[in-house]
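To start, the structure itself, in structure tokens.
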Amino acid sequence: MGLPRFGPPNPKAVVGDDGGDSKTKKTNRVISSPNLYVANCGPAVGISHDTIASVFASFGHVKGVYAADGSGARVIVCYDDENCAAAALAALHGRSCPQLAGRTLHIRYSVLQPSPTTVNSSSVQVCLSASETAIPGLYLIPDFVTPHEEQELLAAVDANPWISLAKRRVQHYGYQFCYQIRNVNTKHHLGALPSFVSPVLERVSSFPNLSDTTDVSLDQLTVNEYPPGVGLSPHIDTHSAFEGLIFSLSLAGPCIMEFRRYSQGAWLPKPGSSIDTESETQENSTNFSRKAIYLPPRSMLLLSGEARYAWHHYIPHHKIDIVNDSVIKRSSRRVSFTLRKVRTGPCQCQYPQYCDSQR
């Protein structure tokens, strides 16, 4: 039987004594607990949860090893019994651990505080191909551009000015996307798409999953730059803003993109919230279907039909991703090119419960 690696998602550690980092909640001083907050080990430093569990299992049965935060370098180890936790604390705190790459562990007692409304990030299988997701209209082509073309595209956008948002930077071409209203001003045309994206547009026109009669005359490009740990909240690109094909090219780094189809129609963020906020975990997972796909660098994702109109997509705010037992650390940056065609009339899609034009 394999050792448990994941438990309640996004646990908050309440650390005892004076341990832990400044981000942990420090109310309710903990004298003793079966749970230990362990700093300086985790997937971000090349140590898996399985390996951590095997080391701490020397002191008793380990119920699970959980990420303490989004750093990937701090975990919570949970035992059945406080005596086991006490023994591990006494033996390992402040000492170099040969079984954990010689790292010096910093350990305190902890009270695990899982939020009942959070979504368990380990409960969804991460697909490596679009067909595995079984979402109609979703397509993924790996190596859509070459490594040399990738570097040329990155150099081209880095030569142009960036617009800084709360947690990421963007550039707009063709038409500017207004995040406050989640739409575009069709009367404000910024000009033709830049020449550096022409090879991508030519390749898109021969996308293998499109029919010969499909209109792929794209006229809007948004370039996003994501630093590590930054994602997007769940959203459907506004129906009235864009036509039925959305292409997204991933450059410089990988990520996991998740998809949700809500049983009650569109999910609406809290008033005043941003698409950058970490609000994807503030719900009950029983009211939507959930899928996930891994987007490697240089891959092109196409959202069309049901995938475009009915499924919310988002990027979890993680610094590391778990892809079918493999730990993938996000790069220092991920850049995406999102190509769309601006809609000039109301949307008449077959998904009125998700459509702002038909509600």
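Chain labels run A, B, ... following the order of the structure tokens; each chain numbers its residues from 1, and ligands are numbered from 1 in the order shown.
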
*List every residue of segment 73-191 of chain A that DSSP, applied to the backbone of this structure, assigns to helix (DSSP H, G or I), and report them as a ChimeraX atom specification.*
/A:82-92,98-100,130-133,147-158

Name the residues of segment 82-165 of chain A that come out as strand (DSSP E or B) in a backbone DSSP run; write them as an mmCIF file with C-alpha atoms, in the first residue's frame.
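Final output, states-v3.cif:
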data_model
loop_
_atom_site.group_PDB
_atom_site.id
_atom_site.type_symbol
_atom_site.label_atom_id
_atom_site.label_comp_id
_atom_site.auth_asym_id
_atom_site.auth_seq_id
_atom_site.Cartn_x
_atom_site.Cartn_y
_atom_site.Cartn_z
ATOM 1 C CA SER A 96 20.358 17.583 9.143
ATOM 2 C CA CYS A 97 18.344 14.672 7.767
ATOM 3 C CA ARG A 103 18.325 19.308 4.681
ATOM 4 C CA THR A 104 17.948 20.793 8.158
ATOM 5 C CA HIS A 106 12.516 23.212 11.222
ATOM 6 C CA ILE A 107 9.588 21.585 13.018
ATOM 7 C CA ARG A 108 6.834 22.800 15.327
ATOM 8 C CA TYR A 109 3.538 21.415 16.512
ATOM 9 C CA SER A 110 0.652 22.362 14.264
ATOM 10 C CA VAL A 111 -3.119 22.225 14.202
ATOM 11 C CA LEU A 112 -4.389 21.321 10.762
ATOM 12 C CA GLN A 113 -7.265 23.598 9.737
ATOM 13 C CA VAL A 126 -4.514 15.722 -14.996
ATOM 14 C CA CYS A 127 -4.893 14.729 -18.632
ATOM 15 C CA LEU A 138 -11.207 21.101 -26.710
ATOM 16 C CA TYR A 139 -8.002 20.443 -28.673
ATOM 17 C CA LEU A 140 -4.318 20.546 -27.763
ATOM 18 C CA ILE A 141 -1.362 20.419 -30.138
ATOM 19 C CA ILE A 163 0.773 46.820 -18.750
ATOM 20 C CA SER A 164 1.005 45.832 -15.080
#

*Test item: residues at most 8 Å from segment 328-337 of chain A, only C-alpha atoms, excluding those fewer than 4 positions along its chain, as an MDAnalysis selection string*: chainID A and resid 44 154 221:229 247:255 319:323

_Among the residues A:Leu303, A:Leu89, A:Cys355, A:Leu232, the one that comes closest to Arg168 of chain A [using only C-alpha atoms]_ = A:Leu232

_Give me, as a VMD selection string, all polymer residues having an atom no more than 10 Å from Glu149 of chain A, counting only C-alpha atoms and skipping those fewer than 5 positions away in the same chain._
chain A and resid 144 154 to 155 196 199 to 200 251 298
